[in-house]
Structures are given as C-alpha cells and as structure tokens.
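Below is run-v2.cif, holding mmCIF, N, CA and C atoms.
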```
data_my_file
#
loop_
_atom_site.label_atom_id
_atom_site.label_comp_id
_atom_site.auth_asym_id
_atom_site.auth_seq_id
_atom_site.Cartn_x
_atom_site.Cartn_y
_atom_site.Cartn_z
N MET A 201 131.74 179.60 70.14
CA MET A 201 131.64 178.34 70.81
C MET A 201 131.32 177.26 69.78
N LYS A 202 132.11 176.18 69.79
CA LYS A 202 131.90 175.09 68.85
C LYS A 202 130.92 174.09 69.44
N THR A 203 130.05 173.59 68.54
CA THR A 203 129.14 172.53 69.00
C THR A 203 129.73 171.18 68.66
N ARG A 204 129.58 170.29 69.53
CA ARG A 204 130.10 168.94 69.33
C ARG A 204 129.05 168.07 68.68
N ALA A 205 129.46 167.36 67.62
CA ALA A 205 128.54 166.44 66.95
C ALA A 205 128.36 165.21 67.82
N ALA A 206 127.16 164.74 67.85
CA ALA A 206 126.86 163.55 68.65
C ALA A 206 127.40 162.31 67.94
N ALA A 207 127.98 161.44 68.68
CA ALA A 207 128.51 160.19 68.12
C ALA A 207 127.37 159.18 68.00
N GLY A 208 127.43 158.33 66.94
CA GLY A 208 126.41 157.30 66.78
C GLY A 208 125.58 157.52 65.54
N PHE A 209 124.53 156.73 65.41
CA PHE A 209 123.66 156.78 64.25
C PHE A 209 122.29 157.27 64.65
N THR A 210 121.62 157.89 63.70
CA THR A 210 120.25 158.34 63.97
C THR A 210 119.30 157.18 63.76
N LEU A 211 118.11 157.33 64.24
CA LEU A 211 117.10 156.29 64.09
C LEU A 211 116.78 156.05 62.62
N VAL A 212 116.73 157.09 61.82
CA VAL A 212 116.44 156.95 60.39
C VAL A 212 117.53 156.15 59.70
N GLU A 213 118.79 156.42 60.03
CA GLU A 213 119.89 155.66 59.43
C GLU A 213 119.81 154.18 59.79
N MET A 214 119.49 153.88 61.02
CA MET A 214 119.36 152.49 61.44
C MET A 214 118.21 151.80 60.71
N LEU A 215 117.10 152.49 60.54
CA LEU A 215 115.95 151.90 59.84
C LEU A 215 116.28 151.64 58.37
N VAL A 216 117.02 152.52 57.73
CA VAL A 216 117.41 152.33 56.34
C VAL A 216 118.30 151.10 56.21
N VAL A 217 119.27 150.95 57.08
CA VAL A 217 120.18 149.80 57.04
C VAL A 217 119.41 148.50 57.27
N LEU A 218 118.52 148.49 58.25
CA LEU A 218 117.73 147.29 58.53
C LEU A 218 116.82 146.94 57.35
N THR A 219 116.26 147.93 56.69
CA THR A 219 115.40 147.69 55.53
C THR A 219 116.20 147.08 54.38
N VAL A 220 117.37 147.60 54.11
CA VAL A 220 118.22 147.06 53.04
C VAL A 220 118.62 145.62 53.37
N LEU A 221 118.99 145.34 54.61
CA LEU A 221 119.35 143.98 55.01
C LEU A 221 118.17 143.03 54.87
N ALA A 222 116.98 143.48 55.26
CA ALA A 222 115.78 142.64 55.15
C ALA A 222 115.48 142.33 53.69
N LEU A 223 115.62 143.30 52.79
CA LEU A 223 115.39 143.06 51.36
C LEU A 223 116.40 142.07 50.80
N ALA A 224 117.66 142.22 51.18
CA ALA A 224 118.69 141.29 50.70
C ALA A 224 118.43 139.88 51.21
N LEU A 225 118.08 139.76 52.46
CA LEU A 225 117.77 138.45 53.04
C LEU A 225 116.55 137.84 52.36
N GLY A 226 115.57 138.64 52.07
CA GLY A 226 114.37 138.15 51.37
C GLY A 226 114.71 137.62 49.99
N LEU A 227 115.59 138.29 49.26
CA LEU A 227 116.01 137.81 47.94
C LEU A 227 116.77 136.49 48.04
N ILE A 228 117.64 136.38 49.02
CA ILE A 228 118.42 135.16 49.19
C ILE A 228 117.52 133.98 49.55
N ILE A 229 116.59 134.20 50.44
CA ILE A 229 115.70 133.12 50.86
C ILE A 229 114.79 132.67 49.72
N THR A 230 114.26 133.60 48.95
CA THR A 230 113.32 133.22 47.88
C THR A 230 114.01 132.56 46.70
N HIS A 231 115.25 132.95 46.40
CA HIS A 231 115.95 132.37 45.25
C HIS A 231 116.86 131.22 45.63
N GLY A 232 117.10 131.01 46.90
CA GLY A 232 117.97 129.93 47.33
C GLY A 232 119.43 130.26 47.07
N PRO A 233 120.29 129.33 47.42
CA PRO A 233 121.72 129.58 47.22
C PRO A 233 122.08 129.55 45.74
N VAL A 234 123.10 130.28 45.40
CA VAL A 234 123.56 130.31 44.02
C VAL A 234 124.30 129.01 43.72
N LYS A 235 123.91 128.35 42.64
CA LYS A 235 124.55 127.09 42.28
C LYS A 235 125.38 127.31 41.03
N SER A 236 126.53 126.71 41.02
CA SER A 236 127.43 126.82 39.89
C SER A 236 127.59 125.44 39.27
N GLN A 237 127.33 125.33 37.97
CA GLN A 237 127.50 124.04 37.29
C GLN A 237 128.95 123.60 37.34
N ARG A 238 129.84 124.55 37.19
CA ARG A 238 131.27 124.22 37.21
C ARG A 238 131.67 123.63 38.56
N LEU A 239 131.23 124.26 39.64
CA LEU A 239 131.58 123.77 40.97
C LEU A 239 130.96 122.40 41.24
N GLU A 240 129.72 122.19 40.79
CA GLU A 240 129.08 120.89 40.99
C GLU A 240 129.79 119.80 40.21
N LEU A 241 130.22 120.09 39.00
CA LEU A 241 130.95 119.11 38.20
C LEU A 241 132.31 118.81 38.83
N ASP A 242 133.02 119.83 39.28
CA ASP A 242 134.31 119.61 39.94
C ASP A 242 134.14 118.79 41.21
N ALA A 243 133.09 119.07 41.97
CA ALA A 243 132.84 118.31 43.20
C ALA A 243 132.52 116.85 42.88
N ALA A 244 131.73 116.62 41.83
CA ALA A 244 131.42 115.23 41.43
C ALA A 244 132.69 114.51 41.00
N ALA A 245 133.56 115.18 40.26
CA ALA A 245 134.82 114.57 39.81
C ALA A 245 135.72 114.23 41.01
N ARG A 246 135.78 115.13 41.99
CA ARG A 246 136.58 114.85 43.19
C ARG A 246 136.03 113.67 43.96
N ARG A 247 134.69 113.57 44.06
CA ARG A 247 134.08 112.45 44.77
C ARG A 247 134.35 111.13 44.06
N VAL A 248 134.23 111.13 42.72
CA VAL A 248 134.49 109.91 41.96
C VAL A 248 135.96 109.50 42.09
N ALA A 249 136.87 110.46 41.96
CA ALA A 249 138.30 110.16 42.09
C ALA A 249 138.62 109.63 43.49
N GLY A 250 138.02 110.23 44.49
CA GLY A 250 138.22 109.75 45.87
C GLY A 250 137.71 108.34 46.07
N ALA A 251 136.55 108.04 45.48
CA ALA A 251 135.99 106.70 45.60
C ALA A 251 136.86 105.68 44.86
N LEU A 252 137.41 106.07 43.72
CA LEU A 252 138.31 105.17 42.99
C LEU A 252 139.58 104.89 43.80
N ARG A 253 140.12 105.92 44.43
CA ARG A 253 141.31 105.74 45.26
C ARG A 253 141.00 104.86 46.48
N LEU A 254 139.81 105.05 47.05
CA LEU A 254 139.38 104.23 48.17
C LEU A 254 139.23 102.77 47.75
N ALA A 255 138.68 102.55 46.56
CA ALA A 255 138.53 101.18 46.06
C ALA A 255 139.89 100.51 45.92
N ARG A 256 140.86 101.22 45.38
CA ARG A 256 142.22 100.68 45.23
C ARG A 256 142.81 100.36 46.59
N SER A 257 142.66 101.28 47.54
CA SER A 257 143.20 101.06 48.89
C SER A 257 142.56 99.86 49.56
N ARG A 258 141.24 99.70 49.41
CA ARG A 258 140.54 98.55 49.98
C ARG A 258 141.05 97.24 49.37
N ALA A 259 141.23 97.26 48.06
CA ALA A 259 141.70 96.05 47.38
C ALA A 259 143.06 95.62 47.92
N ILE A 260 143.95 96.58 48.14
CA ILE A 260 145.29 96.27 48.65
C ILE A 260 145.21 95.83 50.12
N ALA A 261 144.50 96.61 50.93
CA ALA A 261 144.45 96.35 52.38
C ALA A 261 143.75 95.04 52.70
N GLU A 262 142.67 94.73 51.98
CA GLU A 262 141.88 93.53 52.28
C GLU A 262 142.27 92.34 51.41
N GLU A 263 143.25 92.56 50.53
CA GLU A 263 143.74 91.51 49.63
C GLU A 263 142.61 90.78 48.91
N ARG A 264 141.77 91.58 48.25
CA ARG A 264 140.66 91.03 47.48
C ARG A 264 140.32 91.98 46.35
N THR A 265 139.54 91.52 45.41
CA THR A 265 139.11 92.35 44.28
C THR A 265 137.99 93.28 44.74
N VAL A 266 138.08 94.54 44.36
CA VAL A 266 137.06 95.54 44.70
C VAL A 266 136.55 96.16 43.40
N VAL A 267 135.22 96.29 43.28
CA VAL A 267 134.60 96.80 42.06
C VAL A 267 134.00 98.17 42.30
N PHE A 268 134.30 99.10 41.40
CA PHE A 268 133.71 100.44 41.38
C PHE A 268 132.76 100.48 40.19
N ALA A 269 131.50 100.81 40.45
CA ALA A 269 130.50 100.86 39.37
C ALA A 269 129.91 102.26 39.28
N LEU A 270 129.75 102.73 38.05
CA LEU A 270 129.27 104.09 37.78
C LEU A 270 128.00 104.00 36.95
N ASP A 271 127.01 104.80 37.32
CA ASP A 271 125.81 104.89 36.47
C ASP A 271 125.40 106.35 36.35
N ARG A 272 124.31 106.60 35.69
CA ARG A 272 123.89 107.97 35.38
C ARG A 272 123.68 108.83 36.62
N GLY A 273 123.17 108.26 37.69
CA GLY A 273 122.84 109.05 38.87
C GLY A 273 123.92 109.12 39.92
N GLY A 274 124.97 108.31 39.81
CA GLY A 274 126.01 108.30 40.82
C GLY A 274 126.92 107.11 40.65
N TYR A 275 127.47 106.64 41.76
CA TYR A 275 128.39 105.51 41.72
C TYR A 275 128.24 104.68 42.97
N SER A 276 128.74 103.44 42.90
CA SER A 276 128.76 102.59 44.08
C SER A 276 130.11 101.91 44.16
N LEU A 277 130.51 101.64 45.35
CA LEU A 277 131.81 101.04 45.62
C LEU A 277 131.58 99.71 46.31
N ASP A 278 131.86 98.64 45.60
CA ASP A 278 131.73 97.30 46.14
C ASP A 278 130.34 97.07 46.73
N ARG A 279 130.28 96.82 48.02
CA ARG A 279 128.98 96.52 48.65
C ARG A 279 128.37 97.73 49.35
N ASP A 280 129.00 98.90 49.21
CA ASP A 280 128.48 100.11 49.85
C ASP A 280 127.22 100.61 49.15
N ALA A 281 126.46 101.42 49.85
CA ALA A 281 125.27 102.03 49.27
C ALA A 281 125.70 103.01 48.18
N PRO A 282 124.89 103.16 47.13
CA PRO A 282 125.23 104.09 46.05
C PRO A 282 125.31 105.53 46.54
N THR A 283 126.21 106.30 45.94
CA THR A 283 126.35 107.72 46.22
C THR A 283 125.82 108.48 45.02
N MET A 284 124.91 109.42 45.24
CA MET A 284 124.27 110.15 44.16
C MET A 284 124.92 111.52 44.00
N TRP A 285 124.75 112.12 42.81
CA TRP A 285 125.24 113.46 42.55
C TRP A 285 124.19 114.26 41.81
N SER A 286 124.55 115.47 41.41
CA SER A 286 123.65 116.38 40.73
C SER A 286 123.08 115.76 39.46
N ALA A 287 121.82 116.04 39.18
CA ALA A 287 121.15 115.46 38.01
C ALA A 287 121.77 115.91 36.70
N GLY A 288 122.47 117.04 36.68
CA GLY A 288 123.05 117.55 35.45
C GLY A 288 124.33 116.85 35.02
N VAL A 289 124.97 116.11 35.93
CA VAL A 289 126.24 115.46 35.64
C VAL A 289 125.98 114.13 34.93
N ALA A 290 126.58 113.97 33.75
CA ALA A 290 126.39 112.75 32.97
C ALA A 290 127.74 112.06 32.74
N PRO A 291 127.87 110.78 33.15
CA PRO A 291 129.13 110.07 32.94
C PRO A 291 129.22 109.46 31.55
N GLU A 292 130.44 109.38 31.04
CA GLU A 292 130.70 108.72 29.77
C GLU A 292 131.93 107.85 29.95
N GLY A 293 132.09 106.86 29.11
CA GLY A 293 133.27 106.00 29.18
C GLY A 293 133.02 104.78 30.03
N ASN A 294 134.10 104.28 30.66
CA ASN A 294 134.01 103.06 31.46
C ASN A 294 133.00 103.23 32.59
N ARG A 295 132.17 102.22 32.77
CA ARG A 295 131.17 102.26 33.83
C ARG A 295 131.54 101.34 34.99
N ARG A 296 132.59 100.55 34.81
CA ARG A 296 132.96 99.59 35.83
C ARG A 296 134.48 99.47 35.86
N VAL A 297 135.06 99.61 37.05
CA VAL A 297 136.51 99.49 37.21
C VAL A 297 136.75 98.45 38.30
N VAL A 298 137.59 97.48 37.99
CA VAL A 298 137.92 96.43 38.94
C VAL A 298 139.35 96.64 39.42
N PHE A 299 139.51 96.70 40.76
CA PHE A 299 140.84 96.84 41.36
C PHE A 299 141.26 95.50 41.94
N THR A 300 142.51 95.13 41.72
CA THR A 300 143.03 93.84 42.17
C THR A 300 143.86 94.01 43.44
N PRO A 301 144.11 92.93 44.17
CA PRO A 301 144.86 93.03 45.43
C PRO A 301 146.29 93.57 45.28
N ASP A 302 146.86 93.48 44.08
CA ASP A 302 148.22 94.01 43.89
C ASP A 302 148.24 95.51 43.58
N GLY A 303 147.07 96.17 43.58
CA GLY A 303 146.99 97.61 43.34
C GLY A 303 146.67 97.96 41.90
N GLY A 304 146.73 97.00 41.01
CA GLY A 304 146.39 97.24 39.60
C GLY A 304 144.89 97.35 39.41
N SER A 305 144.50 97.63 38.18
CA SER A 305 143.08 97.77 37.89
C SER A 305 142.79 97.33 36.47
N SER A 306 141.52 97.35 36.12
CA SER A 306 141.13 97.05 34.75
C SER A 306 141.38 98.26 33.85
N GLY A 307 141.74 99.39 34.44
CA GLY A 307 141.99 100.61 33.68
C GLY A 307 140.68 101.27 33.30
N ALA A 308 140.71 102.58 33.16
CA ALA A 308 139.49 103.30 32.80
C ALA A 308 139.80 104.72 32.39
N ARG A 309 138.89 105.25 31.61
CA ARG A 309 138.85 106.68 31.33
C ARG A 309 137.40 107.09 31.48
N ILE A 310 137.11 107.78 32.56
CA ILE A 310 135.76 108.21 32.87
C ILE A 310 135.65 109.70 32.58
N VAL A 311 134.62 110.07 31.84
CA VAL A 311 134.39 111.47 31.51
C VAL A 311 133.07 111.90 32.16
N LEU A 312 133.12 112.98 32.92
CA LEU A 312 131.91 113.55 33.50
C LEU A 312 131.61 114.84 32.75
N ARG A 313 130.37 114.96 32.29
CA ARG A 313 129.98 116.11 31.48
C ARG A 313 128.77 116.79 32.12
N ASP A 314 128.83 118.11 32.15
CA ASP A 314 127.70 118.92 32.62
C ASP A 314 127.56 120.07 31.63
N GLY A 315 126.73 119.87 30.65
CA GLY A 315 126.60 120.86 29.59
C GLY A 315 127.83 120.84 28.71
N GLU A 316 128.48 121.98 28.57
CA GLU A 316 129.68 122.06 27.74
C GLU A 316 130.95 121.71 28.51
N ARG A 317 130.91 121.75 29.80
CA ARG A 317 132.10 121.50 30.62
C ARG A 317 132.33 120.00 30.79
N VAL A 318 133.60 119.61 30.71
CA VAL A 318 133.98 118.20 30.78
C VAL A 318 135.16 118.03 31.73
N VAL A 319 135.11 116.98 32.56
CA VAL A 319 136.23 116.60 33.41
C VAL A 319 136.51 115.13 33.16
N ALA A 320 137.78 114.78 32.89
CA ALA A 320 138.16 113.39 32.64
C ALA A 320 138.92 112.83 33.84
N ILE A 321 138.63 111.58 34.15
CA ILE A 321 139.31 110.87 35.24
C ILE A 321 139.93 109.62 34.63
N GLY A 322 141.23 109.50 34.78
CA GLY A 322 141.92 108.34 34.24
C GLY A 322 142.38 107.41 35.35
N VAL A 323 142.28 106.10 35.09
CA VAL A 323 142.77 105.08 36.02
C VAL A 323 143.76 104.21 35.26
N ASP A 324 145.01 104.22 35.71
CA ASP A 324 146.05 103.44 35.06
C ASP A 324 145.83 101.95 35.34
N TRP A 325 145.89 101.12 34.31
CA TRP A 325 145.60 99.70 34.49
C TRP A 325 146.71 98.98 35.25
N LEU A 326 147.95 99.43 35.13
CA LEU A 326 149.06 98.73 35.78
C LEU A 326 149.18 99.08 37.25
N THR A 327 149.13 100.37 37.56
CA THR A 327 149.35 100.80 38.94
C THR A 327 148.06 101.14 39.69
N GLY A 328 146.97 101.35 38.99
CA GLY A 328 145.72 101.75 39.63
C GLY A 328 145.69 103.22 40.00
N ARG A 329 146.69 103.98 39.57
CA ARG A 329 146.77 105.42 39.89
C ARG A 329 145.61 106.17 39.26
N VAL A 330 145.00 107.06 40.04
CA VAL A 330 143.85 107.85 39.59
C VAL A 330 144.29 109.28 39.35
N VAL A 331 143.97 109.82 38.15
CA VAL A 331 144.36 111.17 37.77
C VAL A 331 143.13 111.91 37.26
N VAL A 332 142.89 113.11 37.78
CA VAL A 332 141.79 113.96 37.31
C VAL A 332 142.37 115.00 36.37
N ARG A 333 141.79 115.11 35.19
CA ARG A 333 142.27 116.08 34.20
C ARG A 333 141.20 117.09 33.89
#
```
How does this structure look as structure tokens?
Amino acid sequence: MKTRAAAGFTLVEMLVVLTVLALALGLIITHGPVKSQRLELDAAARRVAGALRLARSRAIAEERTVVFALDRGGYSLDRDAPTMWSAGVAPEGNRRVVFTPDGGSSGARIVLRDGERVVAIGVDWLTGRVVVR
C-alpha cells in the first residue's frame, strides 16, 4: 500500500521563509534604497534638458524672451520656483541661456558632473535645439 504525501508546507518551512523575509526587509529598511550616482546624474540631465526645451517652447508660444538659469544646487526657469537636484551633481559651462521668441537661443554647452561621470547638454544658438550627449 502506497502512502500519499500531504500537499502543502510544514510549519517549520513557513517559519524559515518568514524569518528570511523579515531579515531581508530589516536590511532594506535600515540601509534605505540603493542609490546610483549614474542614475541620479542621468535623471538630472534629463530634467535640465526638459527644462531647456520647455523654456524654448514658452518663448515661442508666448512670443517673449525666456531665461533659463543654472546654479550649483539646481536650475530655475524664468519666474518659476527653482528646481533642486542631488548634492553630488555639479554643473559646468554656461549658467544662463536666453531663448528668443523666434526659437533661437544664446547657445550653451552645459556639463553636469558627478564624480568621474560626465553628461553634456548642448543648446544650438540658431535653432534652440537641445541635445544630451
């Protein structure tokens, strides 16, 4: 006569799984989320490029000059409140870009640096086109 194995998990198996999950959760909570310098720098570059494109669009749509200003802690667009980014990101190059109602700009080459990693953002003076490299 064959005996049938019971389906399911034993109490000991469930306790072991719950203990491992609790330890993993404890490590995640105490150390916080994993941060990547590369991802933070890429995100800052995308935000800056987006703000530059928004400034150009505003200049064209509202038929007025729009100013994008960059400083160590973040950037501001015309009369909007400043937008901040990670403390490790340091800008280099042009700190102020002026967009005209015809879509052109004063031109710029903005470099964002976080340690050894660098991302460059170019703004064409004739067309106002923004390119992230």
Discussion item. Quick check for you: according to DSSP on this backbone, which residues of chain A are classed as strand (DSSP E)? Reply as a PyMOL selection string.
Written reply: chain A and resi 266-271+274-277+283-284+290-293+296-299+308-314+317-323+330-332
With N, CA and C atoms retained, could you export that selection as a short mmCIF file (atom, residue, chain, number, x, y, z; two decimals), in the frame of the given file?
```cif
data_model
loop_
_atom_site.label_atom_id
_atom_site.label_comp_id
_atom_site.auth_asym_id
_atom_site.auth_seq_id
_atom_site.Cartn_x
_atom_site.Cartn_y
_atom_site.Cartn_z
N VAL A 266 138.08 94.54 44.36
CA VAL A 266 137.06 95.54 44.70
C VAL A 266 136.55 96.16 43.40
N VAL A 267 135.22 96.29 43.28
CA VAL A 267 134.60 96.80 42.06
C VAL A 267 134.00 98.17 42.30
N PHE A 268 134.30 99.10 41.40
CA PHE A 268 133.71 100.44 41.38
C PHE A 268 132.76 100.48 40.19
N ALA A 269 131.50 100.81 40.45
CA ALA A 269 130.50 100.86 39.37
C ALA A 269 129.91 102.26 39.28
N LEU A 270 129.75 102.73 38.05
CA LEU A 270 129.27 104.09 37.78
C LEU A 270 128.00 104.00 36.95
N ASP A 271 127.01 104.80 37.32
CA ASP A 271 125.81 104.89 36.47
C ASP A 271 125.40 106.35 36.35
N GLY A 274 124.97 108.31 39.81
CA GLY A 274 126.01 108.30 40.82
C GLY A 274 126.92 107.11 40.65
N TYR A 275 127.47 106.64 41.76
CA TYR A 275 128.39 105.51 41.72
C TYR A 275 128.24 104.68 42.97
N SER A 276 128.74 103.44 42.90
CA SER A 276 128.76 102.59 44.08
C SER A 276 130.11 101.91 44.16
N LEU A 277 130.51 101.64 45.35
CA LEU A 277 131.81 101.04 45.62
C LEU A 277 131.58 99.71 46.31
N THR A 283 126.21 106.30 45.94
CA THR A 283 126.35 107.72 46.22
C THR A 283 125.82 108.48 45.02
N MET A 284 124.91 109.42 45.24
CA MET A 284 124.27 110.15 44.16
C MET A 284 124.92 111.52 44.00
N ALA A 290 126.58 113.97 33.75
CA ALA A 290 126.39 112.75 32.97
C ALA A 290 127.74 112.06 32.74
N PRO A 291 127.87 110.78 33.15
CA PRO A 291 129.13 110.07 32.94
C PRO A 291 129.22 109.46 31.55
N GLU A 292 130.44 109.38 31.04
CA GLU A 292 130.70 108.72 29.77
C GLU A 292 131.93 107.85 29.95
N GLY A 293 132.09 106.86 29.11
CA GLY A 293 133.27 106.00 29.18
C GLY A 293 133.02 104.78 30.03
N ARG A 296 132.59 100.55 34.81
CA ARG A 296 132.96 99.59 35.83
C ARG A 296 134.48 99.47 35.86
N VAL A 297 135.06 99.61 37.05
CA VAL A 297 136.51 99.49 37.21
C VAL A 297 136.75 98.45 38.30
N VAL A 298 137.59 97.48 37.99
CA VAL A 298 137.92 96.43 38.94
C VAL A 298 139.35 96.64 39.42
N PHE A 299 139.51 96.70 40.76
CA PHE A 299 140.84 96.84 41.36
C PHE A 299 141.26 95.50 41.94
N ALA A 308 140.71 102.58 33.16
CA ALA A 308 139.49 103.30 32.80
C ALA A 308 139.80 104.72 32.39
N ARG A 309 138.89 105.25 31.61
CA ARG A 309 138.85 106.68 31.33
C ARG A 309 137.40 107.09 31.48
N ILE A 310 137.11 107.78 32.56
CA ILE A 310 135.76 108.21 32.87
C ILE A 310 135.65 109.70 32.58
N VAL A 311 134.62 110.07 31.84
CA VAL A 311 134.39 111.47 31.51
C VAL A 311 133.07 111.90 32.16
N LEU A 312 133.12 112.98 32.92
CA LEU A 312 131.91 113.55 33.50
C LEU A 312 131.61 114.84 32.75
N ARG A 313 130.37 114.96 32.29
CA ARG A 313 129.98 116.11 31.48
C ARG A 313 128.77 116.79 32.12
N ASP A 314 128.83 118.11 32.15
CA ASP A 314 127.70 118.92 32.62
C ASP A 314 127.56 120.07 31.63
N ARG A 317 130.91 121.75 29.80
CA ARG A 317 132.10 121.50 30.62
C ARG A 317 132.33 120.00 30.79
N VAL A 318 133.60 119.61 30.71
CA VAL A 318 133.98 118.20 30.78
C VAL A 318 135.16 118.03 31.73
N VAL A 319 135.11 116.98 32.56
CA VAL A 319 136.23 116.60 33.41
C VAL A 319 136.51 115.13 33.16
N ALA A 320 137.78 114.78 32.89
CA ALA A 320 138.16 113.39 32.64
C ALA A 320 138.92 112.83 33.84
N ILE A 321 138.63 111.58 34.15
CA ILE A 321 139.31 110.87 35.24
C ILE A 321 139.93 109.62 34.63
N GLY A 322 141.23 109.50 34.78
CA GLY A 322 141.92 108.34 34.24
C GLY A 322 142.38 107.41 35.35
N VAL A 323 142.28 106.10 35.09
CA VAL A 323 142.77 105.08 36.02
C VAL A 323 143.76 104.21 35.26
N VAL A 330 145.00 107.06 40.04
CA VAL A 330 143.85 107.85 39.59
C VAL A 330 144.29 109.28 39.35
N VAL A 331 143.97 109.82 38.15
CA VAL A 331 144.36 111.17 37.77
C VAL A 331 143.13 111.91 37.26
N VAL A 332 142.89 113.11 37.78
CA VAL A 332 141.79 113.96 37.31
C VAL A 332 142.37 115.00 36.37
#
```
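The gap separating atom N of Val330 in chain A from atom N of Gly307 in chain A is 10.0 Å, in Å to one decimal.
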Item to complete: On this file, the PyMOL selection byres ((chain A and resi 289-299) around 5) gives some set of residues; write that set as a PyMOL selection string.
Response: chain A and resi 265-270+286-288+300-301+304-306+309-314
Item to complete: Using atom C of Met284 in chain A and atom N of Glu316 in chain A as the two end points, give the distance in Å to one decimal.
Response: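 One can read the atom C of Met284 in chain A to atom N of Glu316 in chain A distance as 19.0 Å.
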Report the residues retrieved by the PyMOL selection byres (((chain A and resi 239 and name CA) around 12) and name CA) from the displayed file, expressed as a CSV table (one decimal) with N, CA and C atoms, in the coordinates of the input.
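Final output, saved to expr07.csv:
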```csv
chain,number,residue,atom,x,y,z
A,234,VAL,N,123.1,130.3,45.4
A,234,VAL,CA,123.6,130.3,44.0
A,234,VAL,C,124.3,129.0,43.7
A,235,LYS,N,123.9,128.4,42.6
A,235,LYS,CA,124.6,127.1,42.3
A,235,LYS,C,125.4,127.3,41.0
A,236,SER,N,126.5,126.7,41.0
A,236,SER,CA,127.4,126.8,39.9
A,236,SER,C,127.6,125.4,39.3
A,237,GLN,N,127.3,125.3,38.0
A,237,GLN,CA,127.5,124.0,37.3
A,237,GLN,C,129.0,123.6,37.3
A,238,ARG,N,129.8,124.6,37.2
A,238,ARG,CA,131.3,124.2,37.2
A,238,ARG,C,131.7,123.6,38.6
A,240,GLU,N,129.7,122.2,40.8
A,240,GLU,CA,129.1,120.9,41.0
A,240,GLU,C,129.8,119.8,40.2
A,241,LEU,N,130.2,120.1,39.0
A,241,LEU,CA,131.0,119.1,38.2
A,241,LEU,C,132.3,118.8,38.8
A,242,ASP,N,133.0,119.8,39.3
A,242,ASP,CA,134.3,119.6,39.9
A,242,ASP,C,134.1,118.8,41.2
A,243,ALA,N,133.1,119.1,42.0
A,243,ALA,CA,132.8,118.3,43.2
A,243,ALA,C,132.5,116.8,42.9
A,244,ALA,N,131.7,116.6,41.8
A,244,ALA,CA,131.4,115.2,41.4
A,244,ALA,C,132.7,114.5,41.0
A,245,ALA,N,133.6,115.2,40.3
A,245,ALA,CA,134.8,114.6,39.8
A,245,ALA,C,135.7,114.2,41.0
A,246,ARG,N,135.8,115.1,42.0
A,246,ARG,CA,136.6,114.8,43.2
A,246,ARG,C,136.0,113.7,44.0
A,286,SER,N,124.6,115.5,41.4
A,286,SER,CA,123.6,116.4,40.7
A,286,SER,C,123.1,115.8,39.5
A,288,GLY,N,122.5,117.0,36.7
A,288,GLY,CA,123.0,117.6,35.4
A,288,GLY,C,124.3,116.8,35.0
A,289,VAL,N,125.0,116.1,35.9
A,289,VAL,CA,126.2,115.5,35.6
A,289,VAL,C,126.0,114.1,34.9
A,314,ASP,N,128.8,118.1,32.2
A,314,ASP,CA,127.7,118.9,32.6
A,314,ASP,C,127.6,120.1,31.6
A,317,ARG,N,130.9,121.8,29.8
A,317,ARG,CA,132.1,121.5,30.6
A,317,ARG,C,132.3,120.0,30.8
A,318,VAL,N,133.6,119.6,30.7
A,318,VAL,CA,134.0,118.2,30.8
A,318,VAL,C,135.2,118.0,31.7
A,319,VAL,N,135.1,117.0,32.6
A,319,VAL,CA,136.2,116.6,33.4
A,319,VAL,C,136.5,115.1,33.2
```
Item to complete: Identify which of the residues A:Val212, A:Ile229, A:Leu223, A:Ala255 lies closest to Gly328 in chain A, counting only C-alpha atoms when measuring atom-to-atom distances.
Response: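 Comparing A:Val212, A:Ile229, A:Leu223, A:Ala255 against Gly328 in chain A, the winner is A:Ala255.
Note that the spacing between CA of Gly273 in chain A and atom C of Leu252 in chain A amounts to 17.9 Å.
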Return as lines of an AutoDock Vina configuration file the box centre and box size in Å, one decimal, for an axis-aligned box around all listed atoms of range 229-245 of chain A padded by 6 Å per side.
```
center_x = 124.5
center_y = 124.2
center_z = 44.0
size_x = 34.4
size_y = 32.0
size_z = 25.7
```
